[in-house]
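So this one's upload-v3.cif, mmCIF, C-alpha atoms:
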```
data_structure
loop_
_atom_site.label_atom_id
_atom_site.label_comp_id
_atom_site.auth_asym_id
_atom_site.auth_seq_id
_atom_site.Cartn_x
_atom_site.Cartn_y
_atom_site.Cartn_z
CA MET V 1 6.18 -17.69 -33.32
CA ASP V 2 3.81 -15.76 -31.10
CA PRO V 3 1.70 -13.53 -33.40
CA THR V 4 0.70 -11.43 -30.39
CA ASP V 5 4.33 -10.58 -29.55
CA GLN V 6 4.61 -6.84 -30.04
CA SER V 7 7.99 -6.60 -28.31
CA PRO V 8 10.53 -4.48 -30.15
CA GLU V 9 13.15 -6.10 -32.32
CA GLU V 10 16.38 -6.28 -30.34
CA VAL V 11 19.88 -7.62 -30.92
CA TYR V 12 20.58 -11.17 -29.72
CA SER V 13 23.41 -13.70 -29.87
CA VAL V 14 23.58 -17.42 -29.15
CA TRP V 15 26.37 -18.54 -26.86
CA ALA V 16 27.82 -21.93 -25.95
CA LEU V 17 28.33 -21.93 -22.18
CA PRO V 18 31.32 -23.78 -20.75
CA PRO V 19 30.67 -25.90 -17.63
CA GLU V 20 31.63 -24.63 -14.18
CA PRO V 21 35.17 -26.01 -13.85
CA ALA V 22 36.25 -24.44 -17.18
CA ARG V 23 34.07 -21.36 -16.62
CA ASP V 24 35.83 -20.70 -13.31
CA ARG V 25 39.25 -20.93 -14.95
CA PHE V 26 38.18 -18.54 -17.70
CA ARG V 27 36.71 -16.12 -15.12
CA ARG V 28 40.01 -16.00 -13.19
CA ILE V 29 41.92 -15.10 -16.36
CA MET V 30 39.27 -12.53 -17.31
CA GLU V 31 39.38 -10.91 -13.86
CA GLY V 32 43.18 -10.70 -13.98
CA LEU V 33 43.09 -9.07 -17.41
CA ARG V 34 40.36 -6.60 -16.43
CA ALA V 35 42.36 -5.64 -13.32
CA ALA V 36 45.32 -4.78 -15.55
CA TYR V 37 43.60 -3.39 -18.67
CA GLY V 38 40.04 -2.44 -17.70
CA GLY V 39 37.06 -3.41 -19.80
CA PRO V 40 33.57 -4.67 -19.03
CA ALA V 41 32.72 -7.92 -17.25
CA PHE V 42 30.86 -10.63 -19.19
CA GLN V 43 30.14 -14.33 -18.90
CA PRO V 44 32.64 -16.76 -20.42
CA HIS V 45 31.20 -18.10 -23.66
CA ALA V 46 31.86 -19.12 -27.24
CA THR V 47 29.63 -17.28 -29.69
CA VAL V 48 27.65 -19.76 -31.78
CA VAL V 49 25.46 -17.24 -33.67
CA GLY V 50 26.64 -13.65 -33.90
CA ASP V 51 24.47 -10.60 -33.38
CA PHE V 52 21.09 -10.69 -35.10
CA ARG V 53 17.87 -8.70 -34.76
CA GLY V 54 14.60 -10.28 -33.71
CA ARG V 55 11.69 -10.36 -31.30
CA ARG V 56 12.26 -12.08 -27.97
CA SER V 57 9.57 -14.78 -28.25
CA GLU V 58 10.64 -15.74 -31.76
CA ALA V 59 14.33 -15.86 -30.81
CA ILE V 60 13.52 -18.14 -27.83
CA GLU V 61 11.42 -20.43 -30.02
CA VAL V 62 14.15 -20.68 -32.67
CA LEU V 63 16.83 -21.32 -30.04
CA ARG V 64 14.80 -24.19 -28.57
CA ALA V 65 14.29 -25.73 -32.01
CA ALA V 66 17.97 -25.34 -32.90
CA ALA V 67 19.20 -26.73 -29.57
CA ALA V 68 16.99 -29.82 -29.99
CA GLY V 69 19.18 -30.74 -32.98
CA VAL V 70 22.56 -30.28 -31.26
CA GLN V 71 24.16 -32.87 -29.01
CA PRO V 72 26.70 -32.01 -26.29
CA TYR V 73 30.16 -31.65 -27.80
CA THR V 74 33.74 -31.22 -26.70
CA ALA V 75 35.66 -27.98 -27.18
CA ARG V 76 39.43 -27.72 -26.84
CA VAL V 77 41.53 -24.60 -26.28
CA THR V 78 44.37 -24.41 -28.80
CA GLY V 79 45.93 -21.03 -28.02
CA VAL V 80 45.65 -17.48 -26.75
CA ALA V 81 45.29 -14.82 -29.44
CA ARG V 82 44.55 -11.14 -29.92
CA GLY V 83 42.14 -9.60 -32.34
CA SER V 84 41.56 -6.38 -34.19
CA PHE V 85 38.38 -5.03 -32.62
CA PHE V 86 36.69 -4.38 -29.26
CA TYR V 87 34.80 -7.69 -28.95
CA GLN V 88 37.82 -9.78 -29.98
CA CYS V 89 40.53 -8.04 -28.02
CA VAL V 90 42.11 -11.11 -26.34
CA TYR V 91 40.62 -14.58 -26.61
CA LEU V 92 41.18 -18.32 -26.42
CA LEU V 93 41.07 -20.07 -29.77
CA LEU V 94 39.02 -23.25 -29.87
CA GLU V 95 39.84 -26.13 -32.19
CA PRO V 96 37.43 -25.89 -35.15
CA THR V 97 36.34 -29.54 -35.00
CA PRO V 98 33.38 -30.76 -37.06
CA GLU V 99 31.24 -30.74 -33.86
CA VAL V 100 32.20 -27.19 -32.87
CA VAL V 101 31.73 -25.76 -36.36
CA GLY V 102 28.70 -27.97 -37.05
CA SER V 103 26.83 -26.74 -33.99
CA SER V 104 27.35 -23.15 -35.11
CA ASP V 105 26.37 -23.93 -38.71
CA HIS V 106 23.24 -25.73 -37.51
CA CYS V 107 22.17 -22.86 -35.24
CA CYS V 108 22.98 -20.20 -37.84
CA ALA V 109 20.77 -22.03 -40.34
CA HIS V 110 17.87 -22.07 -37.87
CA PHE V 111 18.21 -18.32 -37.30
CA GLY V 112 18.78 -17.55 -40.99
CA TYR V 113 22.07 -15.96 -39.92
CA LYS V 114 24.68 -15.32 -42.62
CA ARG V 115 28.19 -14.84 -41.28
CA LYS V 116 30.12 -11.81 -42.46
CA THR V 117 33.44 -13.63 -41.91
CA PRO V 118 34.43 -17.32 -41.61
CA TYR V 119 33.58 -18.85 -38.22
CA MET V 120 36.42 -18.67 -35.73
CA PRO V 121 35.41 -20.49 -32.54
CA HIS V 122 36.82 -18.72 -29.50
CA VAL V 123 36.19 -17.71 -25.90
CA SER V 124 36.81 -14.00 -25.40
CA LEU V 125 38.81 -13.09 -22.30
CA LEU V 126 38.92 -9.31 -22.62
CA TYR V 127 36.85 -6.73 -24.48
CA GLY V 128 38.55 -3.41 -25.05
CA ASP V 129 40.07 -0.85 -27.36
CA LEU V 130 43.76 -1.46 -26.68
CA THR V 131 46.82 -0.69 -28.75
CA ASP V 132 48.50 -3.61 -30.51
CA GLU V 133 51.28 -3.46 -27.90
CA GLU V 134 48.76 -3.60 -25.02
CA LYS V 135 46.91 -6.49 -26.68
CA GLU V 136 50.14 -8.45 -26.98
CA GLU V 137 50.97 -7.75 -23.32
CA ALA V 138 47.45 -8.85 -22.35
CA ARG V 139 47.75 -12.00 -24.48
CA LYS V 140 51.00 -12.92 -22.70
CA LYS V 141 49.46 -12.10 -19.31
CA ALA V 142 46.57 -14.46 -20.06
CA GLU V 143 49.08 -17.25 -20.72
CA GLU V 144 50.84 -16.42 -17.44
CA LEU V 145 47.57 -16.35 -15.46
CA ASP V 146 46.83 -19.98 -16.44
CA LYS V 147 49.87 -21.70 -17.87
CA ASP V 148 47.94 -24.91 -18.62
CA ILE V 149 44.96 -23.34 -20.39
CA CYS V 150 46.08 -24.50 -23.85
CA GLY V 151 44.87 -28.04 -24.37
CA LEU V 152 42.00 -27.67 -21.90
CA GLU V 153 39.02 -29.73 -23.03
CA PHE V 154 35.48 -29.15 -21.81
CA GLU V 155 32.01 -30.25 -22.80
CA ILE V 156 29.48 -27.81 -24.16
CA SER V 157 26.06 -28.92 -22.99
CA GLU V 158 24.23 -25.59 -22.82
CA LEU V 159 23.33 -23.00 -25.43
CA ALA V 160 22.10 -19.61 -24.27
CA LEU V 161 20.27 -16.75 -25.89
CA TYR V 162 21.62 -13.38 -24.77
CA ARG V 163 20.33 -9.92 -25.60
CA THR V 164 23.54 -8.26 -26.78
CA ASP V 165 23.28 -4.72 -28.05
CA THR V 166 26.77 -4.39 -29.52
CA ALA V 167 26.47 -0.59 -29.47
CA ASP V 168 26.57 -0.85 -25.64
CA LYS V 169 30.27 -1.32 -24.90
CA SER V 170 29.57 -1.14 -21.15
CA LEU V 171 27.50 -4.35 -21.61
CA GLU V 172 25.08 -3.05 -18.96
CA SER V 173 22.12 -3.79 -21.25
CA TRP V 174 23.26 -7.35 -22.01
CA GLU V 175 20.89 -9.93 -20.57
CA LEU V 176 20.57 -13.70 -20.36
CA VAL V 177 17.22 -14.58 -21.94
CA GLU V 178 17.09 -18.39 -22.20
CA VAL V 179 19.28 -21.46 -21.61
CA CYS V 180 18.78 -24.75 -23.44
CA HIS V 181 20.40 -27.94 -22.21
CA LEU V 182 21.75 -30.15 -24.99
CA GLU V 183 20.64 -33.78 -24.83
CA LYS V 184 22.59 -36.84 -25.94
CA LYS V 185 20.64 -38.75 -28.56
#
```

Final structure tokens representation of the file:
Amino acid sequence: MDPTDQSPEEVYSVWALPPEPARDRFRRIMEGLRAAYGGPAFQPHATVVGDFRGRRSEAIEVLRAAAAGVQPYTARVTGVARGSFFYQCVYLLLEPTPEVVGSSDHCCAHFGYKRKTPYMPHVSLLYGDLTDEEKEEARKKAEELDKDICGLEFEISELALYRTDTADKSLESWELVEVCHLEKK
């Protein structure tokens, strides 16, 4: 930790970044859903550590230490679902394998992050305040936009630190801070 860091405490999250082939597929679905239902644009990701407060230099240092203990792992899409709040409007469920859950547990421990709810690995496709009926329509539209998305497997080999002020639903303040490449041991 940098004792000279006087930066303000801000809200951060740690994301697992899918590789380009999968990322492009997710982006196409996301763009189709935003065209139909609105909502802000954001990078495809699976949240590994939810929103926490900290100073930038310390968060970068902890991310690097955490990432050093995580090997690349495979994620698999198991379904398209809808949630009950803005940041989990429509999403792809990921199989909660020991590697997927373990990487999140490992990183959460490094950050001292205590989950408020059990970990549900997923890749959000749409953020928004939609009615239940609209969410169900959007969920079905996501399935139509990429009929083969369920079962898709991809390797997670990058973890990223993002500044993510969850009060900013426009996401305009959200910022990529650091990317760590996961190394096979």

Taking only residues of stretch 14-56 of chain V that have an atom at most 10 Å from an atom of stretch 82-96 of chain V, what is each one's shortest atom pair and its distance in Å to one decimal, using all atoms listed in the file, in chain and number order, as a Markdown table?
```
| residue | atom | partner | partner_atom | distance |
| --- | --- | --- | --- | --- |
| V:Phe26 | CA | V:Leu92 | CA | 9.2 |
| V:Met30 | CA | V:Val90 | CA | 9.6 |
| V:Leu33 | CA | V:Val90 | CA | 9.2 |
| V:Gly39 | CA | V:Phe86 | CA | 9.5 |
| V:Ala46 | CA | V:Leu94 | CA | 8.7 |
```

(message) When the PyMOL selection byres ((chain V and resi 8-17) around 7) is applied to the structure above, which residues does it catch, written out as a list in words?
(response)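 When the PyMOL selection byres ((chain V and resi 8-17) around 7) is applied to the shown file, the picked residues are Gln6, Ser7, Pro18, Pro19, Pro44, His45, Ala46, Thr47, Val48, Val49, Gly50, Asp51, Phe52, Arg53, Gly54, Arg55, Ile156, Glu158, Leu159, Ala160, Leu161, Tyr162, Arg163, Thr164 and Asp165 of chain V.
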
(request) Using only C-alpha atoms, pick whichever of V:Trp174, V:Tyr37, V:Ala59, V:Asp148 has the shortest atom-to-atom distance to V:Glu136. (result)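 Smallest distance to V:Glu136 is found for V:Tyr37.
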
(request) Tell me which of V:Cys180, V:Ala75, V:Val80, V:Ile29 sits closest to V:Lys140, counting only C-alpha atoms. (result) V:Val80

(request) Spell out the residues picked by the PyMOL selection byres ((chain V and resi 36) around 12) here, as an MDAnalysis selection string. (result) chainID V and resid 29:35 37:39 126 128 130 134:135 137:139 141:142 145

(request) Calculate how many Å separate atom CA of V:Gly112 from atom CA of V:Pro98, rounding to one decimal. (result)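 Going from atom CA of V:Gly112 over to atom CA of V:Pro98, I get 20.1 Å.
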
(request) Could you please determine the separation between atom CA of V:Val70 and atom CA of V:Lys184 in Å, to one decimal place? (result)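 So the two atoms, atom CA of V:Val70 and atom CA of V:Lys184, lie 8.4 Å apart.
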
(message) I'd like the interatomic distance between atom CA of V:Val100 and atom CA of V:Phe154, to a tenth of an Å.
(response)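 Answer for the atom CA of V:Val100 to atom CA of V:Phe154 separation: 11.7 Å.
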
Around all of stretch 26-29 of chain V's listed atoms, make the axis-aligned box with 5 Å on each side and tell me centre and edge lengths in Å to one decimal, as AutoDock Vina command-line options.
```
--center_x 39.3 --center_y -16.8 --center_z -15.4 --size_x 15.2 --size_y 13.4 --size_z 14.5
```

(request) Pick out the closest residue to V:Pro118 from this set: V:Ala22, V:Val62, V:Val77, V:Val101. Count only C-alpha atoms. (result)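 Of V:Ala22, V:Val62, V:Val77, V:Val101, the one nearest V:Pro118, counting only C-alpha atoms, is V:Val101.
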
(message) From the options V:Lys147, V:His110, V:Lys116, V:Arg23, which residue's atoms come nearest to V:Ala66, counting all atoms listed in the file?
(response)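 The answer is V:His110, which sits nearest to V:Ala66.
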
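Closest to V:Ala109 among V:His122, V:Ala65, V:Glu144, V:Gly79 is V:Ala65, based on all atoms listed in the file.
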
(message) Using all atoms listed in the file for the distances, tell me which of V:Glu61, V:Glu155, V:Thr78, V:Asp129 is nearest to V:Glu99.
(response)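 Checking each candidate against V:Glu99, we get V:Glu155 as the closest.
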